[in-house]
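Dropping target-v2.cif in here (mmCIF, N, CA and C atoms):
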data_entry
loop_
_atom_site.group_PDB
_atom_site.id
_atom_site.type_symbol
_atom_site.label_atom_id
_atom_site.label_comp_id
_atom_site.auth_asym_id
_atom_site.auth_seq_id
_atom_site.Cartn_x
_atom_site.Cartn_y
_atom_site.Cartn_z
ATOM 1 N N MET X 1 0.551 -29.013 97.861
ATOM 2 C CA MET X 1 0.578 -29.019 96.417
ATOM 3 C C MET X 1 -0.700 -29.685 95.904
ATOM 4 N N PRO X 2 -1.496 -28.996 95.053
ATOM 5 C CA PRO X 2 -2.736 -29.572 94.557
ATOM 6 C C PRO X 2 -2.499 -30.894 93.830
ATOM 7 N N GLY X 3 -3.378 -31.836 94.051
ATOM 8 C CA GLY X 3 -3.310 -33.101 93.361
ATOM 9 C C GLY X 3 -2.348 -34.108 93.942
ATOM 10 N N VAL X 4 -1.651 -33.751 95.000
ATOM 11 C CA VAL X 4 -0.700 -34.663 95.632
ATOM 12 C C VAL X 4 -1.358 -35.262 96.860
ATOM 13 N N LYS X 5 -1.344 -36.578 96.967
ATOM 14 C CA LYS X 5 -1.978 -37.233 98.105
ATOM 15 C C LYS X 5 -1.359 -36.729 99.407
ATOM 16 N N ASN X 6 -2.245 -36.356 100.324
ATOM 17 C CA ASN X 6 -1.844 -35.865 101.643
ATOM 18 C C ASN X 6 -0.897 -34.676 101.572
ATOM 19 N N GLY X 7 -0.937 -33.923 100.492
ATOM 20 C CA GLY X 7 -0.030 -32.787 100.325
ATOM 21 C C GLY X 7 -0.451 -31.542 101.082
ATOM 22 N N ARG X 8 -1.714 -31.418 101.413
ATOM 23 C CA ARG X 8 -2.190 -30.214 102.122
ATOM 24 C C ARG X 8 -2.342 -30.502 103.590
ATOM 25 N N ARG X 9 -1.979 -29.514 104.348
ATOM 26 C CA ARG X 9 -2.137 -29.616 105.795
ATOM 27 C C ARG X 9 -3.081 -28.539 106.333
ATOM 28 N N GLU X 10 -3.207 -27.451 105.586
ATOM 29 C CA GLU X 10 -3.989 -26.322 106.069
ATOM 30 C C GLU X 10 -4.352 -25.425 104.886
ATOM 31 N N ALA X 11 -5.483 -24.752 104.975
ATOM 32 C CA ALA X 11 -5.885 -23.823 103.918
ATOM 33 C C ALA X 11 -6.739 -22.713 104.515
ATOM 34 N N ASP X 12 -6.604 -21.529 103.976
ATOM 35 C CA ASP X 12 -7.413 -20.385 104.370
ATOM 36 C C ASP X 12 -8.183 -19.895 103.152
ATOM 37 N N VAL X 13 -9.387 -19.388 103.385
ATOM 38 C CA VAL X 13 -10.188 -18.791 102.324
ATOM 39 C C VAL X 13 -10.532 -17.388 102.764
ATOM 40 N N ARG X 14 -10.346 -16.444 101.862
ATOM 41 C CA ARG X 14 -10.653 -15.054 102.164
ATOM 42 C C ARG X 14 -11.525 -14.500 101.040
ATOM 43 N N PHE X 15 -12.661 -13.934 101.383
ATOM 44 C CA PHE X 15 -13.576 -13.360 100.401
ATOM 45 C C PHE X 15 -13.230 -11.894 100.182
ATOM 46 N N ASN X 16 -13.080 -11.516 98.934
ATOM 47 C CA ASN X 16 -12.781 -10.140 98.576
ATOM 48 C C ASN X 16 -14.086 -9.350 98.589
ATOM 49 N N THR X 17 -14.250 -8.482 99.555
ATOM 50 C CA THR X 17 -15.473 -7.675 99.654
ATOM 51 C C THR X 17 -15.209 -6.213 99.304
ATOM 52 N N HIS X 18 -14.031 -5.920 98.746
ATOM 53 C CA HIS X 18 -13.667 -4.533 98.467
ATOM 54 C C HIS X 18 -13.784 -4.139 97.006
ATOM 55 N N ASP X 19 -13.792 -5.101 96.095
ATOM 56 C CA ASP X 19 -13.954 -4.767 94.682
ATOM 57 C C ASP X 19 -15.402 -4.388 94.417
ATOM 58 N N PHE X 20 -15.580 -3.436 93.540
ATOM 59 C CA PHE X 20 -16.933 -2.984 93.232
ATOM 60 C C PHE X 20 -17.498 -3.670 91.991
ATOM 61 N N ASP X 21 -16.761 -4.613 91.430
ATOM 62 C CA ASP X 21 -17.221 -5.314 90.241
ATOM 63 C C ASP X 21 -18.283 -6.363 90.550
ATOM 64 N N PHE X 22 -18.310 -6.845 91.790
ATOM 65 C CA PHE X 22 -19.265 -7.882 92.146
ATOM 66 C C PHE X 22 -19.526 -7.873 93.641
ATOM 67 N N ASP X 23 -20.617 -8.492 94.022
ATOM 68 C CA ASP X 23 -20.995 -8.642 95.424
ATOM 69 C C ASP X 23 -21.383 -10.085 95.669
ATOM 70 N N PHE X 24 -21.450 -10.448 96.923
ATOM 71 C CA PHE X 24 -21.913 -11.772 97.307
ATOM 72 C C PHE X 24 -23.307 -11.668 97.891
ATOM 73 N N THR X 25 -24.103 -12.698 97.680
ATOM 74 C CA THR X 25 -25.445 -12.748 98.248
ATOM 75 C C THR X 25 -25.724 -14.161 98.750
ATOM 76 N N ASN X 26 -26.555 -14.259 99.758
ATOM 77 C CA ASN X 26 -26.985 -15.563 100.243
ATOM 78 C C ASN X 26 -28.299 -15.978 99.580
ATOM 79 N N ARG X 27 -28.849 -15.111 98.746
ATOM 80 C CA ARG X 27 -30.124 -15.374 98.071
ATOM 81 C C ARG X 27 -29.958 -15.235 96.566
ATOM 82 N N ALA X 28 -29.089 -16.048 96.015
ATOM 83 C CA ALA X 28 -28.824 -15.996 94.576
ATOM 84 C C ALA X 28 -30.054 -16.427 93.787
ATOM 85 N N THR X 29 -30.389 -15.641 92.778
ATOM 86 C CA THR X 29 -31.495 -15.960 91.872
ATOM 87 C C THR X 29 -31.081 -15.583 90.458
ATOM 88 N N SER X 30 -31.840 -16.028 89.493
ATOM 89 C CA SER X 30 -31.528 -15.720 88.101
ATOM 90 C C SER X 30 -31.653 -14.228 87.795
ATOM 91 N N SER X 31 -32.309 -13.464 88.658
ATOM 92 C CA SER X 31 -32.441 -12.025 88.430
ATOM 93 C C SER X 31 -31.294 -11.220 89.048
ATOM 94 N N CYS X 32 -30.337 -11.889 89.668
ATOM 95 C CA CYS X 32 -29.185 -11.199 90.255
ATOM 96 C C CYS X 32 -28.331 -10.571 89.154
ATOM 97 N N VAL X 33 -27.805 -9.401 89.445
ATOM 98 C CA VAL X 33 -26.887 -8.718 88.549
ATOM 99 C C VAL X 33 -25.595 -8.485 89.318
ATOM 100 N N ASN X 34 -24.515 -9.102 88.876
ATOM 101 C CA ASN X 34 -23.205 -8.979 89.531
ATOM 102 C C ASN X 34 -23.207 -9.442 90.980
ATOM 103 N N GLU X 35 -24.085 -10.364 91.325
ATOM 104 C CA GLU X 35 -24.098 -10.943 92.668
ATOM 105 C C GLU X 35 -23.843 -12.441 92.563
ATOM 106 N N TYR X 36 -22.836 -12.883 93.287
ATOM 107 C CA TYR X 36 -22.465 -14.291 93.294
ATOM 108 C C TYR X 36 -22.946 -14.942 94.582
ATOM 109 N N GLY X 37 -23.445 -16.149 94.493
ATOM 110 C CA GLY X 37 -23.916 -16.860 95.671
ATOM 111 C C GLY X 37 -22.758 -17.184 96.609
ATOM 112 N N ILE X 38 -22.825 -16.691 97.827
ATOM 113 C CA ILE X 38 -21.745 -16.873 98.793
ATOM 114 C C ILE X 38 -21.509 -18.345 99.109
ATOM 115 N N ARG X 39 -22.568 -19.135 99.151
ATOM 116 C CA ARG X 39 -22.404 -20.562 99.450
ATOM 117 C C ARG X 39 -21.769 -21.311 98.281
ATOM 118 N N SER X 40 -22.102 -20.928 97.070
ATOM 119 C CA SER X 40 -21.485 -21.552 95.897
ATOM 120 C C SER X 40 -19.997 -21.222 95.834
ATOM 121 N N VAL X 41 -19.661 -19.962 96.042
ATOM 122 C CA VAL X 41 -18.252 -19.551 96.023
ATOM 123 C C VAL X 41 -17.499 -20.210 97.177
ATOM 124 N N GLY X 42 -18.131 -20.283 98.349
ATOM 125 C CA GLY X 42 -17.497 -20.928 99.503
ATOM 126 C C GLY X 42 -17.227 -22.407 99.263
ATOM 127 N N THR X 43 -18.172 -23.095 98.644
ATOM 128 C CA THR X 43 -17.982 -24.515 98.341
ATOM 129 C C THR X 43 -16.844 -24.694 97.344
ATOM 130 N N HIS X 44 -16.793 -23.842 96.337
ATOM 131 C CA HIS X 44 -15.723 -23.891 95.337
ATOM 132 C C HIS X 44 -14.354 -23.682 96.000
ATOM 133 N N GLU X 45 -14.255 -22.656 96.825
ATOM 134 C CA GLU X 45 -12.969 -22.359 97.468
ATOM 135 C C GLU X 45 -12.575 -23.436 98.470
ATOM 136 N N ALA X 46 -13.538 -23.998 99.185
ATOM 137 C CA ALA X 46 -13.244 -25.110 100.090
ATOM 138 C C ALA X 46 -12.726 -26.306 99.301
ATOM 139 N N GLY X 47 -13.245 -26.484 98.079
ATOM 140 C CA GLY X 47 -12.752 -27.549 97.207
ATOM 141 C C GLY X 47 -11.268 -27.398 96.939
ATOM 142 N N HIS X 48 -10.830 -26.159 96.680
ATOM 143 C CA HIS X 48 -9.393 -25.928 96.483
ATOM 144 C C HIS X 48 -8.603 -26.329 97.724
ATOM 145 N N GLY X 49 -9.155 -26.060 98.880
ATOM 146 C CA GLY X 49 -8.477 -26.437 100.113
ATOM 147 C C GLY X 49 -8.278 -27.936 100.237
ATOM 148 N N LEU X 50 -9.142 -28.697 99.596
ATOM 149 C CA LEU X 50 -9.022 -30.158 99.623
ATOM 150 C C LEU X 50 -8.108 -30.685 98.523
ATOM 151 N N GLY X 51 -7.769 -29.838 97.552
ATOM 152 C CA GLY X 51 -6.800 -30.255 96.554
ATOM 153 C C GLY X 51 -7.143 -30.063 95.099
ATOM 154 N N PRO X 52 -8.386 -30.264 94.656
ATOM 155 C CA PRO X 52 -8.660 -30.148 93.222
ATOM 156 C C PRO X 52 -8.464 -28.736 92.682
ATOM 157 N N GLY X 53 -8.000 -28.671 91.447
ATOM 158 C CA GLY X 53 -7.883 -27.397 90.759
ATOM 159 C C GLY X 53 -9.137 -27.119 89.957
ATOM 160 N N HIS X 54 -9.025 -26.184 89.022
ATOM 161 C CA HIS X 54 -10.157 -25.833 88.176
ATOM 162 C C HIS X 54 -10.345 -26.833 87.047
ATOM 163 N N VAL X 55 -11.577 -26.931 86.578
ATOM 164 C CA VAL X 55 -11.897 -27.654 85.347
ATOM 165 C C VAL X 55 -12.400 -26.618 84.350
ATOM 166 N N GLY X 56 -12.275 -26.893 83.066
ATOM 167 C CA GLY X 56 -12.588 -25.893 82.057
ATOM 168 C C GLY X 56 -13.817 -26.186 81.229
ATOM 169 N N LEU X 57 -13.719 -25.820 79.958
ATOM 170 C CA LEU X 57 -14.835 -25.932 79.017
ATOM 171 C C LEU X 57 -15.413 -27.336 79.002
ATOM 172 N N GLY X 58 -16.727 -27.375 78.933
ATOM 173 C CA GLY X 58 -17.426 -28.652 78.918
ATOM 174 C C GLY X 58 -17.782 -29.160 80.298
ATOM 175 N N HIS X 59 -17.326 -28.449 81.327
ATOM 176 C CA HIS X 59 -17.594 -28.874 82.703
ATOM 177 C C HIS X 59 -18.215 -27.742 83.525
ATOM 178 N N GLU X 60 -19.001 -26.913 82.877
ATOM 179 C CA GLU X 60 -19.614 -25.760 83.534
ATOM 180 C C GLU X 60 -20.545 -26.147 84.670
ATOM 181 N N ASN X 61 -20.992 -27.402 84.692
ATOM 182 C CA ASN X 61 -21.918 -27.855 85.723
ATOM 183 C C ASN X 61 -21.192 -28.250 87.014
ATOM 184 N N LEU X 62 -19.864 -28.295 86.996
ATOM 185 C CA LEU X 62 -19.118 -28.710 88.186
ATOM 186 C C LEU X 62 -18.771 -27.523 89.079
ATOM 187 N N THR X 63 -18.721 -27.774 90.357
ATOM 188 C CA THR X 63 -18.379 -26.746 91.339
ATOM 189 C C THR X 63 -16.979 -26.193 91.094
ATOM 190 N N MET X 64 -16.068 -27.015 90.618
ATOM 191 C CA MET X 64 -14.689 -26.587 90.429
ATOM 192 C C MET X 64 -14.426 -25.992 89.039
ATOM 193 N N HIS X 65 -15.496 -25.580 88.343
ATOM 194 C CA HIS X 65 -15.325 -24.914 87.053
ATOM 195 C C HIS X 65 -14.531 -23.626 87.249
ATOM 196 N N THR X 66 -13.791 -23.221 86.231
ATOM 197 C CA THR X 66 -12.919 -22.049 86.284
ATOM 198 C C THR X 66 -13.667 -20.774 86.667
ATOM 199 N N HIS X 67 -14.891 -20.621 86.185
ATOM 200 C CA HIS X 67 -15.637 -19.380 86.412
ATOM 201 C C HIS X 67 -16.853 -19.612 87.301
ATOM 202 N N SER X 68 -17.135 -18.627 88.137
ATOM 203 C CA SER X 68 -18.384 -18.617 88.889
ATOM 204 C C SER X 68 -19.432 -17.935 88.013
ATOM 205 N N PHE X 69 -20.679 -18.278 88.247
ATOM 206 C CA PHE X 69 -21.745 -17.694 87.455
ATOM 207 C C PHE X 69 -22.663 -16.874 88.354
ATOM 208 N N VAL X 70 -23.044 -15.704 87.877
ATOM 209 C CA VAL X 70 -23.906 -14.789 88.625
ATOM 210 C C VAL X 70 -25.259 -15.432 88.871
ATOM 211 N N GLY X 71 -25.749 -15.333 90.115
ATOM 212 C CA GLY X 71 -27.112 -15.729 90.445
ATOM 213 C C GLY X 71 -27.414 -17.215 90.414
ATOM 214 N N THR X 72 -26.423 -18.069 90.479
ATOM 215 C CA THR X 72 -26.691 -19.505 90.439
ATOM 216 C C THR X 72 -26.426 -20.152 91.800
ATOM 217 N N THR X 73 -27.130 -21.228 92.048
ATOM 218 C CA THR X 73 -26.934 -21.964 93.305
ATOM 219 C C THR X 73 -26.415 -23.376 93.047
ATOM 220 N N LYS X 74 -26.168 -23.719 91.775
ATOM 221 C CA LYS X 74 -25.809 -25.101 91.447
ATOM 222 C C LYS X 74 -24.458 -25.534 92.001
ATOM 223 N N ALA X 75 -23.578 -24.608 92.324
ATOM 224 C CA ALA X 75 -22.250 -24.975 92.823
ATOM 225 C C ALA X 75 -22.215 -25.121 94.347
ATOM 226 N N ARG X 76 -23.370 -25.115 94.980
ATOM 227 C CA ARG X 76 -23.406 -25.291 96.439
ATOM 228 C C ARG X 76 -23.064 -26.707 96.866
ATOM 229 N N THR X 77 -23.182 -27.638 95.942
ATOM 230 C CA THR X 77 -22.885 -29.036 96.237
ATOM 231 C C THR X 77 -21.892 -29.550 95.204
ATOM 232 N N LEU X 78 -21.241 -30.649 95.517
ATOM 233 C CA LEU X 78 -20.267 -31.223 94.604
ATOM 234 C C LEU X 78 -20.948 -32.147 93.601
ATOM 235 N N GLY X 79 -20.516 -32.062 92.361
ATOM 236 C CA GLY X 79 -21.026 -32.952 91.328
ATOM 237 C C GLY X 79 -20.176 -34.207 91.248
ATOM 238 N N LYS X 80 -20.596 -35.135 90.406
ATOM 239 C CA LYS X 80 -19.884 -36.397 90.261
ATOM 240 C C LYS X 80 -18.420 -36.177 89.870
ATOM 241 N N GLY X 81 -18.162 -35.266 88.947
ATOM 242 C CA GLY X 81 -16.784 -34.972 88.538
ATOM 243 C C GLY X 81 -15.949 -34.404 89.667
ATOM 244 N N ASP X 82 -16.564 -33.558 90.510
ATOM 245 C CA ASP X 82 -15.859 -33.006 91.677
ATOM 246 C C ASP X 82 -15.462 -34.126 92.629
ATOM 247 N N LEU X 83 -16.394 -35.037 92.870
ATOM 248 C CA LEU X 83 -16.115 -36.161 93.778
ATOM 249 C C LEU X 83 -15.063 -37.103 93.209
ATOM 250 N N LEU X 84 -15.100 -37.324 91.909
ATOM 251 C CA LEU X 84 -14.080 -38.170 91.288
ATOM 252 C C LEU X 84 -12.686 -37.542 91.428
ATOM 253 N N ALA X 85 -12.614 -36.220 91.308
ATOM 254 C CA ALA X 85 -11.325 -35.527 91.501
ATOM 255 C C ALA X 85 -10.822 -35.723 92.920
ATOM 256 N N LEU X 86 -11.717 -35.602 93.897
ATOM 257 C CA LEU X 86 -11.312 -35.823 95.303
ATOM 258 C C LEU X 86 -10.852 -37.252 95.528
ATOM 259 N N ARG X 87 -11.582 -38.195 94.953
ATOM 260 C CA ARG X 87 -11.196 -39.605 95.109
ATOM 261 C C ARG X 87 -9.827 -39.883 94.503
ATOM 262 N N SER X 88 -9.503 -39.209 93.407
ATOM 263 C CA SER X 88 -8.206 -39.437 92.766
ATOM 264 C C SER X 88 -7.055 -38.906 93.624
ATOM 265 N N ILE X 89 -7.366 -37.942 94.480
ATOM 266 C CA ILE X 89 -6.334 -37.384 95.364
ATOM 267 C C ILE X 89 -6.201 -38.186 96.642
ATOM 268 N N TYR X 90 -7.343 -38.603 97.186
ATOM 269 C CA TYR X 90 -7.325 -39.304 98.462
ATOM 270 C C TYR X 90 -7.625 -40.772 98.281
#
Take the structure in the file and write it out as structure tokens.
Amino acid sequence: MPGVKNGRREADVRFNTHDFDFDFTNRATSSCVNEYGIRSVGTHEAGHGLGPGHVGLGHENLTMHTHSFVGTTKARTLGKGDLLALRSIY
């Protein structure tokens, strides 16, 4: 259960590669069109495995923001807010 101390024991992440609305790339740049950085998405999904949920408006700079952004690499690492969420769980 997200947000519960020691509540998770295991997590799986699966990337959807069958939808034609978007693709993943390892070379995300501002010129990407409908390509999401695989490392940014992977870091975000791994975050869910550790417990934190999404954050919303006003927190677009955090890895755990509700939406991924095309062509960005900023979510490859955790921000201060992401780390504070982890600390509150563990």
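For the atom pair formed by CA of Phe24 in chain X and atom N of Val41 in chain X, the distance is 8.6 Å, given to one decimal.
Distance-wise, CA of Cys32 in chain X and CA of Thr17 in chain X end up 17.0 Å apart.
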Handout entry: Given only C-alpha atoms as the counted atoms, nearest of X:Ile89, X:His18, X:Glu10, X:Gly42 to Ala75 in chain X
Key = X:Gly42
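Every polymer residue reaching to within 12 Å of (-14.7, -35.5, 93.1), counting only C-alpha atoms, appears in this list: X:Gly3, X:His44, X:Gly47, X:His48, X:Leu50, X:Gly51, X:Pro52, X:Gly53, X:His54, X:Val55, X:Leu62, X:Thr63, X:Met64, X:Thr77, X:Leu78, X:Gly79, X:Lys80, X:Gly81, X:Asp82, X:Leu83, X:Leu84, X:Ala85, X:Leu86, X:Arg87, X:Ser88, X:Ile89, X:Tyr90.
Once the PyMOL selection byres (((chain X and resi 30 and name CA) around 7) and name CA) is applied to this file, the selection holds Thr29, Ser31, Cys32, Gly71 and Thr72 of chain X.
What separates CA of Phe69 in chain X from CA of Ser40 in chain X is a distance of 9.3 Å.
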Using all atoms of range 53-61 of chain X listed in the file and a margin of 5 Å per side, can you give the axis-aligned box centre and edge lengths in Å to one decimal, as lines of an AutoDock Vina configuration file?
center_x = -14.9
center_y = -27.5
center_z = 85.2
size_x = 24.0
size_y = 13.4
size_z = 22.5
Problem - Residue IDs satisfying the PyMOL selection byres ((chain X and resi 21) around 8), as number ranges by chain - result: X: 18-20, 22-23, 33-35
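The shortest atom-to-atom distance to Arg27 in chain X, with all atoms listed in the file taken into account, belongs to X:Arg39 out of X:Phe15, X:Arg76, X:Leu57, X:Arg39.
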Exercise for the section: Going by DSSP on the backbone, which bits of range 33-83 of chain X are strand (DSSP E or B)? Write them as a list in words, please. Expected result: Glu35, Tyr36, Gly37, Val55 and His65 of chain X
